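Raw contents of model_31.cif, mmCIF, C-alpha atoms and all ligand atoms:
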```
data_data
loop_
_atom_site.group_PDB
_atom_site.id
_atom_site.type_symbol
_atom_site.label_atom_id
_atom_site.label_comp_id
_atom_site.auth_asym_id
_atom_site.auth_seq_id
_atom_site.Cartn_x
_atom_site.Cartn_y
_atom_site.Cartn_z
ATOM 1 C CA MET A 994 -29.183 168.901 -53.088
ATOM 2 C CA ASP A 995 -25.981 167.180 -51.992
ATOM 3 C CA LEU A 996 -23.366 169.947 -51.835
ATOM 4 C CA VAL A 997 -20.563 167.493 -51.069
ATOM 5 C CA GLU A 998 -21.322 165.554 -54.269
ATOM 6 C CA LEU A 999 -21.699 168.820 -56.187
ATOM 7 C CA SER A 1000 -18.261 170.015 -55.138
ATOM 8 C CA LYS A 1001 -16.711 166.714 -56.280
ATOM 9 C CA LEU A 1002 -18.042 166.888 -59.850
ATOM 10 C CA TYR A 1003 -14.652 167.672 -61.336
ATOM 11 C CA ASP A 1004 -12.802 165.053 -59.352
ATOM 12 C CA PHE A 1005 -11.967 162.495 -62.042
ATOM 13 C CA SER A 1006 -10.289 160.014 -59.682
ATOM 14 C CA GLY A 1007 -10.794 156.472 -60.926
ATOM 15 C CA ARG A 1008 -12.226 157.596 -64.276
ATOM 16 C CA SER A 1009 -10.391 156.736 -67.468
ATOM 17 C CA VAL A 1010 -10.070 158.854 -70.585
ATOM 18 C CA VAL A 1011 -8.702 158.018 -74.022
ATOM 19 C CA ILE A 1012 -7.606 161.014 -76.066
ATOM 20 C CA THR A 1013 -6.522 161.242 -79.689
ATOM 21 C CA GLY A 1014 -4.491 164.307 -80.632
ATOM 22 C CA GLY A 1015 -3.137 164.417 -77.069
ATOM 23 C CA THR A 1016 0.301 165.438 -78.342
ATOM 24 C CA GLY A 1017 -1.126 168.513 -80.083
ATOM 25 C CA VAL A 1018 -1.091 172.075 -78.835
ATOM 26 C CA LEU A 1019 -4.665 171.937 -77.529
ATOM 27 C CA GLY A 1020 -4.671 168.223 -76.664
ATOM 28 C CA ARG A 1021 -1.651 168.282 -74.381
ATOM 29 C CA VAL A 1022 -3.254 170.960 -72.173
ATOM 30 C CA MET A 1023 -6.387 168.806 -71.937
ATOM 31 C CA VAL A 1024 -4.277 165.813 -70.899
ATOM 32 C CA GLU A 1025 -2.477 167.846 -68.261
ATOM 33 C CA ALA A 1026 -5.776 169.109 -66.816
ATOM 34 C CA LEU A 1027 -7.339 165.641 -66.711
ATOM 35 C CA VAL A 1028 -4.313 164.005 -65.081
ATOM 36 C CA GLY A 1029 -4.290 166.871 -62.589
ATOM 37 C CA CYS A 1030 -7.967 166.217 -61.813
ATOM 38 C CA GLY A 1031 -7.162 162.582 -61.079
ATOM 39 C CA ALA A 1032 -8.180 160.879 -64.335
ATOM 40 C CA ASN A 1033 -6.285 157.925 -65.750
ATOM 41 C CA VAL A 1034 -5.424 159.110 -69.250
ATOM 42 C CA ALA A 1035 -4.391 157.054 -72.275
ATOM 43 C CA VAL A 1036 -2.900 159.087 -75.103
ATOM 44 C CA LEU A 1037 -3.355 157.484 -78.496
ATOM 45 C CA ALA A 1038 -0.409 158.722 -80.534
ATOM 46 C CA ARG A 1039 1.385 157.919 -83.753
ATOM 47 C CA ASN A 1040 4.722 158.589 -82.109
ATOM 48 C CA ARG A 1041 5.137 156.785 -78.790
ATOM 49 C CA ASP A 1042 8.316 158.631 -77.781
ATOM 50 C CA LYS A 1043 6.804 162.060 -78.395
ATOM 51 C CA ALA A 1044 3.763 161.196 -76.274
ATOM 52 C CA ALA A 1045 5.833 159.558 -73.521
ATOM 53 C CA SER A 1046 8.087 162.597 -73.312
ATOM 54 C CA LEU A 1047 5.085 164.926 -72.962
ATOM 55 C CA LEU A 1048 3.517 162.735 -70.283
ATOM 56 C CA SER A 1049 6.764 162.632 -68.312
ATOM 57 C CA GLN A 1050 6.444 166.387 -67.765
ATOM 58 C CA MET A 1051 2.968 166.128 -66.239
ATOM 59 C CA SER A 1052 1.998 165.673 -62.635
ATOM 60 C CA GLY A 1053 -1.209 164.685 -60.923
ATOM 61 C CA SER A 1054 -2.779 161.783 -59.135
ATOM 62 C CA GLY A 1055 -4.061 160.166 -62.353
ATOM 63 C CA ARG A 1056 -2.115 157.443 -64.130
ATOM 64 C CA THR A 1057 -1.049 157.783 -67.756
ATOM 65 C CA MET A 1058 -0.228 155.473 -70.630
ATOM 66 C CA VAL A 1059 0.621 155.795 -74.301
ATOM 67 C CA VAL A 1060 -1.080 153.595 -76.862
ATOM 68 C CA GLU A 1061 0.412 153.701 -80.309
ATOM 69 C CA GLY A 1062 -1.972 154.240 -83.177
ATOM 70 C CA ASP A 1063 -3.348 156.187 -86.076
ATOM 71 C CA VAL A 1064 -6.966 157.386 -85.890
ATOM 72 C CA LEU A 1065 -7.541 156.097 -89.422
ATOM 73 C CA LYS A 1066 -6.330 152.546 -88.710
ATOM 74 C CA ARG A 1067 -9.046 150.444 -87.172
ATOM 75 C CA ASP A 1068 -6.676 147.648 -86.163
ATOM 76 C CA ASP A 1069 -4.506 150.097 -84.211
ATOM 77 C CA LEU A 1070 -7.600 151.403 -82.454
ATOM 78 C CA LYS A 1071 -8.909 147.949 -81.557
ATOM 79 C CA GLN A 1072 -5.556 146.992 -80.077
ATOM 80 C CA ALA A 1073 -5.449 150.311 -78.208
ATOM 81 C CA ALA A 1074 -8.940 149.758 -76.784
ATOM 82 C CA GLN A 1075 -7.933 146.321 -75.516
ATOM 83 C CA ASP A 1076 -4.724 147.658 -73.956
ATOM 84 C CA VAL A 1077 -6.458 150.563 -72.222
ATOM 85 C CA ALA A 1078 -9.271 148.373 -70.907
ATOM 86 C CA ALA A 1079 -6.681 145.891 -69.575
ATOM 87 C CA GLU A 1080 -4.717 148.654 -67.830
ATOM 88 C CA PHE A 1081 -7.489 150.940 -66.562
ATOM 89 C CA GLY A 1082 -10.388 148.480 -66.219
ATOM 90 C CA GLN A 1083 -12.852 150.346 -68.387
ATOM 91 C CA ILE A 1084 -13.004 153.348 -70.701
ATOM 92 C CA ASP A 1085 -15.219 156.136 -69.405
ATOM 93 C CA CYS A 1086 -14.446 158.927 -71.861
ATOM 94 C CA LEU A 1087 -13.152 159.363 -75.394
ATOM 95 C CA ILE A 1088 -11.854 162.688 -76.676
ATOM 96 C CA ASN A 1089 -11.568 162.822 -80.465
ATOM 97 C CA GLY A 1090 -8.954 165.559 -80.567
ATOM 98 C CA ALA A 1091 -6.881 164.574 -83.607
ATOM 99 C CA GLY A 1092 -7.547 166.870 -86.523
ATOM 100 C CA GLY A 1093 -6.198 169.704 -88.552
ATOM 101 C CA ASN A 1094 -5.961 171.507 -91.833
ATOM 102 C CA HIS A 1095 -3.554 171.191 -94.762
ATOM 103 C CA PRO A 1096 -2.067 174.140 -96.690
ATOM 104 C CA GLN A 1097 -2.859 172.445 -100.022
ATOM 105 C CA ALA A 1098 -6.552 172.147 -99.068
ATOM 106 C CA THR A 1099 -6.893 175.910 -98.573
ATOM 107 C CA THR A 1100 -7.411 178.434 -101.369
ATOM 108 C CA LYS A 1101 -4.744 181.123 -101.736
ATOM 109 C CA PRO A 1102 -3.445 183.459 -104.454
ATOM 110 C CA ASP A 1103 -1.527 180.643 -106.141
ATOM 111 C CA LEU A 1104 -4.096 177.877 -105.451
ATOM 112 C CA SER A 1105 -7.660 178.306 -106.679
ATOM 113 C CA PHE A 1106 -10.611 176.241 -105.532
ATOM 114 C CA PHE A 1107 -10.561 174.582 -108.977
ATOM 115 C CA ASP A 1108 -7.041 173.272 -108.464
ATOM 116 C CA ILE A 1109 -7.151 171.944 -104.894
ATOM 117 C CA PRO A 1110 -5.626 168.494 -105.237
ATOM 118 C CA GLU A 1111 -7.812 165.500 -104.471
ATOM 119 C CA GLU A 1112 -5.102 164.130 -102.207
ATOM 120 C CA ALA A 1113 -5.310 167.218 -99.974
ATOM 121 C CA LEU A 1114 -9.125 167.032 -99.950
ATOM 122 C CA ARG A 1115 -9.012 163.412 -98.864
ATOM 123 C CA HIS A 1116 -6.358 164.073 -96.235
ATOM 124 C CA VAL A 1117 -8.460 166.740 -94.489
ATOM 125 C CA PHE A 1118 -11.764 164.862 -94.766
ATOM 126 C CA ASP A 1119 -10.198 161.642 -93.579
ATOM 127 C CA LEU A 1120 -8.317 163.117 -90.639
ATOM 128 C CA ASN A 1121 -11.141 165.287 -89.279
ATOM 129 C CA LEU A 1122 -14.242 163.284 -90.121
ATOM 130 C CA LEU A 1123 -13.230 159.632 -90.435
ATOM 131 C CA GLY A 1124 -10.616 160.279 -87.726
ATOM 132 C CA THR A 1125 -13.556 161.071 -85.431
ATOM 133 C CA ILE A 1126 -15.975 158.431 -86.684
ATOM 134 C CA ILE A 1127 -13.662 155.392 -86.711
ATOM 135 C CA PRO A 1128 -12.332 155.848 -83.128
ATOM 136 C CA SER A 1129 -15.945 156.411 -82.013
ATOM 137 C CA GLN A 1130 -16.968 153.118 -83.607
ATOM 138 C CA VAL A 1131 -14.216 151.254 -81.797
ATOM 139 C CA PHE A 1132 -14.389 152.868 -78.346
ATOM 140 C CA CYS A 1133 -18.176 153.342 -78.226
ATOM 141 C CA GLU A 1134 -18.631 149.619 -78.707
ATOM 142 C CA LEU A 1135 -17.043 149.161 -75.276
ATOM 143 C CA MET A 1136 -19.183 151.961 -73.846
ATOM 144 C CA ALA A 1137 -22.278 150.289 -75.264
ATOM 145 C CA GLU A 1138 -21.322 147.087 -73.424
ATOM 146 C CA GLN A 1139 -20.686 149.067 -70.214
ATOM 147 C CA GLY A 1140 -23.950 150.998 -70.646
ATOM 148 C CA GLU A 1141 -22.224 154.314 -69.987
ATOM 149 C CA GLY A 1142 -19.603 156.634 -71.369
ATOM 150 C CA VAL A 1143 -18.870 160.105 -72.673
ATOM 151 C CA ILE A 1144 -17.545 161.151 -76.062
ATOM 152 C CA LEU A 1145 -16.201 164.622 -76.747
ATOM 153 C CA ASN A 1146 -15.474 165.620 -80.342
ATOM 154 C CA VAL A 1147 -13.408 168.631 -81.308
ATOM 155 C CA SER A 1148 -15.091 170.826 -83.884
ATOM 156 C CA SER A 1149 -14.293 174.365 -85.032
ATOM 157 C CA MET A 1150 -15.811 177.793 -85.687
ATOM 158 C CA SER A 1151 -15.685 176.984 -89.384
ATOM 159 C CA ALA A 1152 -18.272 174.246 -88.866
ATOM 160 C CA PHE A 1153 -21.135 176.689 -88.186
ATOM 161 C CA ARG A 1154 -20.483 179.140 -91.012
ATOM 162 C CA PRO A 1155 -17.589 178.343 -93.334
ATOM 163 C CA LEU A 1156 -14.587 180.632 -93.129
ATOM 164 C CA THR A 1157 -13.170 181.969 -96.372
ATOM 165 C CA ARG A 1158 -10.322 179.931 -97.895
ATOM 166 C CA VAL A 1159 -10.579 176.871 -95.619
ATOM 167 C CA MET A 1160 -13.234 175.083 -97.665
ATOM 168 C CA THR A 1161 -12.171 171.505 -97.001
ATOM 169 C CA TYR A 1162 -11.620 171.888 -93.284
ATOM 170 C CA SER A 1163 -14.926 173.770 -92.878
ATOM 171 C CA ALA A 1164 -16.862 171.033 -94.652
ATOM 172 C CA ALA A 1165 -15.118 168.307 -92.661
ATOM 173 C CA LYS A 1166 -15.756 169.990 -89.293
ATOM 174 C CA SER A 1167 -19.381 170.634 -90.166
ATOM 175 C CA GLY A 1168 -19.539 166.871 -90.694
ATOM 176 C CA VAL A 1169 -18.172 166.474 -87.164
ATOM 177 C CA ASN A 1170 -21.033 168.624 -85.791
ATOM 178 C CA ASN A 1171 -23.611 166.603 -87.689
ATOM 179 C CA PHE A 1172 -22.033 163.316 -86.565
ATOM 180 C CA THR A 1173 -22.008 164.553 -82.939
ATOM 181 C CA GLN A 1174 -25.781 165.018 -83.037
ATOM 182 C CA TRP A 1175 -26.385 161.760 -84.884
ATOM 183 C CA LEU A 1176 -24.262 159.667 -82.532
ATOM 184 C CA ALA A 1177 -25.765 161.289 -79.412
ATOM 185 C CA VAL A 1178 -29.257 160.287 -80.497
ATOM 186 C CA HIS A 1179 -28.236 156.850 -81.738
ATOM 187 C CA LEU A 1180 -26.343 155.804 -78.611
ATOM 188 C CA ALA A 1181 -28.964 157.159 -76.201
ATOM 189 C CA GLN A 1182 -31.843 155.483 -78.031
ATOM 190 C CA GLU A 1183 -30.245 152.214 -79.080
ATOM 191 C CA TYR A 1184 -27.811 151.486 -76.240
ATOM 192 C CA SER A 1185 -28.048 153.605 -73.117
ATOM 193 C CA PRO A 1186 -29.203 157.078 -72.130
ATOM 194 C CA ARG A 1187 -26.063 157.128 -69.996
ATOM 195 C CA ILE A 1188 -23.819 157.422 -73.060
ATOM 196 C CA ARG A 1189 -23.420 161.058 -74.042
ATOM 197 C CA VAL A 1190 -21.817 162.677 -77.080
ATOM 198 C CA ASN A 1191 -20.953 166.374 -77.348
ATOM 199 C CA ALA A 1192 -18.419 168.589 -79.072
ATOM 200 C CA ILE A 1193 -16.357 171.622 -78.245
ATOM 201 C CA ALA A 1194 -15.787 174.210 -80.969
ATOM 202 C CA PRO A 1195 -12.666 176.238 -80.271
ATOM 203 C CA GLY A 1196 -12.566 179.724 -81.739
ATOM 204 C CA PHE A 1197 -9.212 181.038 -82.885
ATOM 205 C CA PHE A 1198 -6.196 179.765 -81.060
ATOM 206 C CA LEU A 1199 -2.683 180.593 -82.184
ATOM 207 C CA THR A 1200 -1.470 177.105 -82.968
ATOM 208 C CA GLU A 1201 0.515 175.416 -85.708
ATOM 209 C CA GLN A 1202 -2.552 174.531 -87.768
ATOM 210 C CA ASP A 1203 -3.434 178.104 -88.672
ATOM 211 C CA ARG A 1204 -0.367 180.111 -87.735
ATOM 212 C CA PHE A 1205 0.465 180.369 -91.453
ATOM 213 C CA LEU A 1206 -2.919 182.024 -92.069
ATOM 214 C CA VAL A 1207 -3.092 184.483 -89.202
ATOM 215 C CA THR A 1208 0.460 185.654 -88.553
ATOM 216 C CA ASP A 1209 3.157 186.915 -90.871
ATOM 217 C CA GLN A 1210 5.913 184.299 -90.756
ATOM 218 C CA LYS A 1211 8.653 186.940 -91.020
ATOM 219 C CA THR A 1212 7.398 189.627 -88.620
ATOM 220 C CA GLY A 1213 5.157 187.573 -86.311
ATOM 221 C CA GLN A 1214 2.530 190.328 -86.607
ATOM 222 C CA PRO A 1215 -1.119 189.448 -87.363
ATOM 223 C CA THR A 1216 -1.851 189.188 -91.075
ATOM 224 C CA GLU A 1217 -4.851 191.080 -92.426
ATOM 225 C CA ARG A 1218 -6.847 187.901 -91.791
ATOM 226 C CA GLY A 1219 -5.491 187.591 -88.243
ATOM 227 C CA GLN A 1220 -6.412 191.198 -87.473
ATOM 228 C CA SER A 1221 -9.875 190.623 -88.958
ATOM 229 C CA ILE A 1222 -10.362 187.645 -86.626
ATOM 230 C CA ILE A 1223 -9.455 189.761 -83.608
ATOM 231 C CA ASN A 1224 -11.797 192.520 -84.841
ATOM 232 C CA HIS A 1225 -14.608 189.950 -85.098
ATOM 233 C CA THR A 1226 -13.949 188.491 -81.652
ATOM 234 C CA PRO A 1227 -15.769 190.666 -79.104
ATOM 235 C CA MET A 1228 -13.238 189.677 -76.447
ATOM 236 C CA GLY A 1229 -10.513 191.084 -78.697
ATOM 237 C CA ARG A 1230 -7.910 188.318 -78.552
ATOM 238 C CA PHE A 1231 -6.959 184.825 -79.729
ATOM 239 C CA GLY A 1232 -7.840 182.014 -77.346
ATOM 240 C CA GLU A 1233 -5.331 180.328 -75.038
ATOM 241 C CA PRO A 1234 -5.486 176.511 -74.820
ATOM 242 C CA GLU A 1235 -6.404 176.852 -71.120
ATOM 243 C CA ASP A 1236 -9.610 178.650 -72.166
ATOM 244 C CA LEU A 1237 -10.977 175.243 -73.231
ATOM 245 C CA LEU A 1238 -10.559 173.515 -69.901
ATOM 246 C CA GLY A 1239 -13.727 174.538 -68.057
ATOM 247 C CA THR A 1240 -15.879 173.354 -70.959
ATOM 248 C CA LEU A 1241 -13.806 170.189 -71.324
ATOM 249 C CA LEU A 1242 -14.272 169.206 -67.668
ATOM 250 C CA TRP A 1243 -17.954 170.132 -67.705
ATOM 251 C CA LEU A 1244 -18.732 168.023 -70.782
ATOM 252 C CA LEU A 1245 -16.752 165.012 -69.549
ATOM 253 C CA SER A 1246 -18.089 165.093 -66.006
ATOM 254 C CA PRO A 1247 -21.451 164.260 -64.419
ATOM 255 C CA ALA A 1248 -21.959 168.045 -64.218
ATOM 256 C CA SER A 1249 -23.378 167.693 -67.751
ATOM 257 C CA ALA A 1250 -25.301 164.458 -67.081
ATOM 258 C CA PHE A 1251 -28.403 165.689 -68.989
ATOM 259 C CA VAL A 1252 -26.470 167.255 -71.882
ATOM 260 C CA THR A 1253 -25.973 165.377 -75.128
ATOM 261 C CA GLY A 1254 -25.757 166.253 -78.819
ATOM 262 C CA ILE A 1255 -24.505 169.823 -78.445
ATOM 263 C CA VAL A 1256 -21.524 171.721 -79.808
ATOM 264 C CA VAL A 1257 -20.205 174.364 -77.412
ATOM 265 C CA PRO A 1258 -18.359 177.320 -78.929
ATOM 266 C CA VAL A 1259 -15.387 178.541 -76.875
ATOM 267 C CA ASP A 1260 -14.653 181.517 -79.043
ATOM 268 C CA GLY A 1261 -14.601 184.838 -77.179
ATOM 269 C CA GLY A 1262 -17.993 185.637 -78.694
ATOM 270 C CA PHE A 1263 -16.949 185.212 -82.371
ATOM 271 C CA SER A 1264 -20.001 183.145 -83.309
ATOM 272 C CA ALA A 1265 -22.408 185.579 -81.630
ATOM 273 C CA PHE A 1266 -21.088 188.668 -83.393
ATOM 274 C CA SER A 1267 -22.598 189.775 -86.692
ATOM 275 C CA GLY A 1268 -19.701 192.134 -87.309
ATOM 276 C CA VAL A 1269 -21.858 195.241 -86.912
HETATM 277 N N1 LIG A 1301 -5.766 175.371 -83.158
HETATM 278 C C1 LIG A 1301 -6.924 175.959 -83.334
HETATM 279 O O1 LIG A 1301 -7.053 177.183 -83.347
HETATM 280 C C2 LIG A 1301 -8.131 175.108 -83.496
HETATM 281 C C3 LIG A 1301 -9.353 175.741 -83.650
HETATM 282 C C4 LIG A 1301 -10.486 174.962 -83.802
HETATM 283 C C5 LIG A 1301 -10.383 173.595 -83.772
HETATM 284 N N2 LIG A 1301 -9.173 173.001 -83.637
HETATM 285 C C6 LIG A 1301 -9.142 171.543 -83.614
HETATM 286 O O2 LIG A 1301 -8.614 171.158 -82.362
HETATM 287 C C7 LIG A 1301 -7.941 169.903 -82.499
HETATM 288 C C8 LIG A 1301 -6.516 170.047 -81.996
HETATM 289 O O3 LIG A 1301 -5.886 171.106 -82.713
HETATM 290 P P1 LIG A 1301 -4.375 171.541 -82.423
HETATM 291 O O4 LIG A 1301 -4.243 172.944 -82.873
HETATM 292 O O5 LIG A 1301 -3.985 171.163 -81.034
HETATM 293 O O6 LIG A 1301 -3.613 170.650 -83.483
HETATM 294 P P2 LIG A 1301 -2.103 170.160 -83.554
HETATM 295 O O7 LIG A 1301 -1.244 170.850 -82.563
HETATM 296 O O8 LIG A 1301 -1.731 170.218 -84.990
HETATM 297 O O9 LIG A 1301 -2.252 168.642 -83.120
HETATM 298 C C9 LIG A 1301 -2.884 167.712 -83.926
HETATM 299 C C10 LIG A 1301 -2.909 166.392 -83.191
HETATM 300 O O10 LIG A 1301 -3.533 165.413 -84.030
HETATM 301 C C11 LIG A 1301 -2.686 164.273 -84.086
HETATM 302 N N3 LIG A 1301 -2.863 163.549 -85.335
HETATM 303 C C12 LIG A 1301 -2.820 164.055 -86.596
HETATM 304 N N4 LIG A 1301 -3.053 163.073 -87.487
HETATM 305 C C13 LIG A 1301 -3.247 161.932 -86.779
HETATM 306 C C14 LIG A 1301 -3.534 160.596 -87.124
HETATM 307 N N5 LIG A 1301 -3.693 160.225 -88.405
HETATM 308 N N6 LIG A 1301 -3.668 159.688 -86.134
HETATM 309 C C15 LIG A 1301 -3.511 160.045 -84.831
HETATM 310 N N7 LIG A 1301 -3.257 161.306 -84.443
HETATM 311 C C16 LIG A 1301 -3.129 162.238 -85.410
HETATM 312 C C17 LIG A 1301 -1.281 164.851 -83.983
HETATM 313 O O11 LIG A 1301 -0.393 163.818 -83.629
HETATM 314 P P3 LIG A 1301 1.193 163.872 -83.954
HETATM 315 O O12 LIG A 1301 1.816 164.375 -82.698
HETATM 316 O O13 LIG A 1301 1.521 162.459 -84.250
HETATM 317 O O14 LIG A 1301 1.380 164.783 -85.144
HETATM 318 C C18 LIG A 1301 -1.504 165.861 -82.868
HETATM 319 O O15 LIG A 1301 -1.555 165.222 -81.624
HETATM 320 C C19 LIG A 1301 -8.031 169.538 -83.974
HETATM 321 O O16 LIG A 1301 -9.149 168.711 -84.184
HETATM 322 C C20 LIG A 1301 -8.260 170.874 -84.631
HETATM 323 O O17 LIG A 1301 -8.885 170.740 -85.887
HETATM 324 C C21 LIG A 1301 -8.048 173.723 -83.489
#
```

Whole structure, structure tokens version:
Amino acid sequence: MDLVELSKLYDFSGRSVVITGGTGVLGRVMVEALVGCGANVAVLARNRDKAASLLSQMSGSGRTMVVEGDVLKRDDLKQAAQDVAAEFGQIDCLINGAGGNHPQATTKPDLSFFDIPEEALRHVFDLNLLGTIIPSQVFCELMAEQGEGVILNVSSMSAFRPLTRVMTYSAAKSGVNNFTQWLAVHLAQEYSPRIRVNAIAPGFFLTEQDRFLVTDQKTGQPTERGQSIINHTPMGRFGEPEDLLGTLLWLLSPASAFVTGIVVPVDGGFSAFSGV
């Protein structure tokens, strides 16, 4: 065993990472951690100024760049891949972090399952599922040529067992889990066993996407649903974005060199608890 090599596993110096959703509440903490660990990070963002302003507040030995693009626009992604490869040399990791729910795709007292508009269904399926598949098609093609690479998808607790009300999002994220397994097998068998694909499944984090479901907008107190989540989380709290970082670095680094096709819950024990 080489202890010097072992202690350097989370040194990302010279490695390049593309992240979608890097301007989001969870994504920006991932970017900060990776830049701090020495990675060169390209943030694919719809709004260049927003991303540039976030990056300007970060420090670390890694370089950063913004590439403008929408995860559902293949041409944007192809241009982004070219720009990142030109700037950083090659693309070692892709984080498919863009995703989210939509209030109109969630059942509530004044919106039954029967009336969920098709537009909202398509929005959530497209963003979470196609928004993971299309960037993977574009960036994995480069990884296939390189013969190595790491993809990290962002799933959710609702992918394993659907949560009440969030039907569309649950179905879309369960598609992300299935795609994670499929792509892991496909890339390892058809291109290179040195291309790995995994996912992280955050539990409940107090972020914009579900704040309207778990906290009362007027009082800021947990709603009945929010309290139920805490009661079903053995660790008794919502997650903090920083709780994701150990798993993020592990799955992107050679520390997980023999790990592919898994979805890791980071959920304070929510998925292990039967409620009794
Ligand atoms: N928050 C949670 O508790 C939780 C739990 C489980 C899983 N997740 C998942 O974790 C990921 C990040 O969640 P978050 O809470 O950090 O979300 P967030 O704060 O709402 O951020 C969403 C990110 O996705 C980007 N995005 C949305 N549509 C896009 C598009 N068409 N093209 C490119 N980028 C797009 C947004 O970019 P703009 O800046 O341009 O809007 C933003 O960077 C998502 O996949 C989410 O489903 C979150």

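With all atoms listed in the file as the basis for measurement, A:Gly1017 is the residue among A:Pro1096, A:Gly1017, A:Gly1239, A:Pro1128 that approaches ligand LIG 1301 (chain A) most closely.
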
- Task: List, as a PyMOL selection string, every residue that the PyMOL selection byres (((chain A and resi 1175-1189) around 10) and not hetatm) selects in the file provided.
- Result: chain A and resi 1085-1086+1126+1129-1130+1133-1134+1136-1145+1169-1174+1190-1191+1244-1245+1249-1255

- Near-range 1026-1042 of chain A list (7 Å; only C-alpha atoms; drop same-chain fewer than 2 positions) as JSON, numbers by chain: {"A": [1003, 1004, 1005, 1006, 1007, 1008, 1009, 1010, 1011, 1012, 1013, 1014, 1015, 1022, 1023, 1024, 1044, 1045, 1046, 1052, 1053, 1054, 1055, 1056, 1057, 1058, 1059, 1060, 1061, 1062, 1063, 1077]}

- Message: For a test of reading the model, state the distance in Å between CA of Gly1168 in chain A and CA of Gly1092 in chain A, rounded to one decimal.
- Response: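 If I compute the distance from CA of Gly1168 in chain A to CA of Gly1092 in chain A, I get 12.7 Å.
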
- Message: Let me see if you get this right: every residue at most 9 Å from ligand LIG 1301 (chain A), counting only C-alpha atoms and all ligand atoms, written as a PyMOL selection string.
- Response: chain A and resi 1013-1022+1037-1041+1043-1044+1061-1066+1089-1094+1119-1121+1124-1125+1146-1151+1162+1166+1193-1204+1231-1232+1234

Final all heavy atoms of range 1132-1136 of chain A as a JSON list (two decimals), keeping the file's coordinate frame:
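The result, written out as out_37.json:
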```
[["chain", "number", "residue", "atom", "x", "y", "z"],
["A", 1132, "PHE", "N", -14.32, 152.67, -79.80],
["A", 1132, "PHE", "CA", -14.39, 152.87, -78.35],
["A", 1132, "PHE", "C", -15.83, 152.87, -77.84],
["A", 1132, "PHE", "O", -16.10, 152.44, -76.71],
["A", 1132, "PHE", "CB", -13.64, 154.14, -77.95],
["A", 1132, "PHE", "CG", -12.15, 153.99, -78.09],
["A", 1132, "PHE", "CD1", -11.48, 154.46, -79.21],
["A", 1132, "PHE", "CD2", -11.40, 153.34, -77.11],
["A", 1132, "PHE", "CE1", -10.10, 154.30, -79.36],
["A", 1132, "PHE", "CE2", -10.03, 153.17, -77.24],
["A", 1132, "PHE", "CZ", -9.38, 153.65, -78.38],
["A", 1133, "CYS", "N", -16.77, 153.32, -78.68],
["A", 1133, "CYS", "CA", -18.18, 153.34, -78.23],
["A", 1133, "CYS", "C", -18.74, 151.93, -78.12],
["A", 1133, "CYS", "O", -19.71, 151.71, -77.39],
["A", 1133, "CYS", "CB", -19.06, 154.16, -79.17],
["A", 1133, "CYS", "SG", -18.71, 155.89, -79.06],
["A", 1134, "GLU", "N", -18.14, 151.00, -78.84],
["A", 1134, "GLU", "CA", -18.63, 149.62, -78.71],
["A", 1134, "GLU", "C", -18.43, 149.14, -77.26],
["A", 1134, "GLU", "O", -19.30, 148.51, -76.67],
["A", 1134, "GLU", "CB", -17.91, 148.71, -79.70],
["A", 1134, "GLU", "CG", -18.62, 147.39, -79.88],
["A", 1134, "GLU", "CD", -18.06, 146.55, -81.02],
["A", 1134, "GLU", "OE1", -17.05, 146.93, -81.64],
["A", 1134, "GLU", "OE2", -18.66, 145.49, -81.28],
["A", 1135, "LEU", "N", -17.28, 149.52, -76.69],
["A", 1135, "LEU", "CA", -17.04, 149.16, -75.28],
["A", 1135, "LEU", "C", -18.02, 149.90, -74.37],
["A", 1135, "LEU", "O", -18.56, 149.34, -73.41],
["A", 1135, "LEU", "CB", -15.62, 149.54, -74.86],
["A", 1135, "LEU", "CG", -14.47, 148.78, -75.50],
["A", 1135, "LEU", "CD1", -13.15, 149.28, -74.93],
["A", 1135, "LEU", "CD2", -14.61, 147.29, -75.21],
["A", 1136, "MET", "N", -18.26, 151.17, -74.68],
["A", 1136, "MET", "CA", -19.18, 151.96, -73.85],
["A", 1136, "MET", "C", -20.59, 151.38, -73.93],
["A", 1136, "MET", "O", -21.33, 151.36, -72.94],
["A", 1136, "MET", "CB", -19.18, 153.43, -74.29],
["A", 1136, "MET", "CG", -17.86, 154.12, -73.99],
["A", 1136, "MET", "SD", -17.85, 155.82, -74.59],
["A", 1136, "MET", "CE", -16.17, 156.29, -74.23]]
```
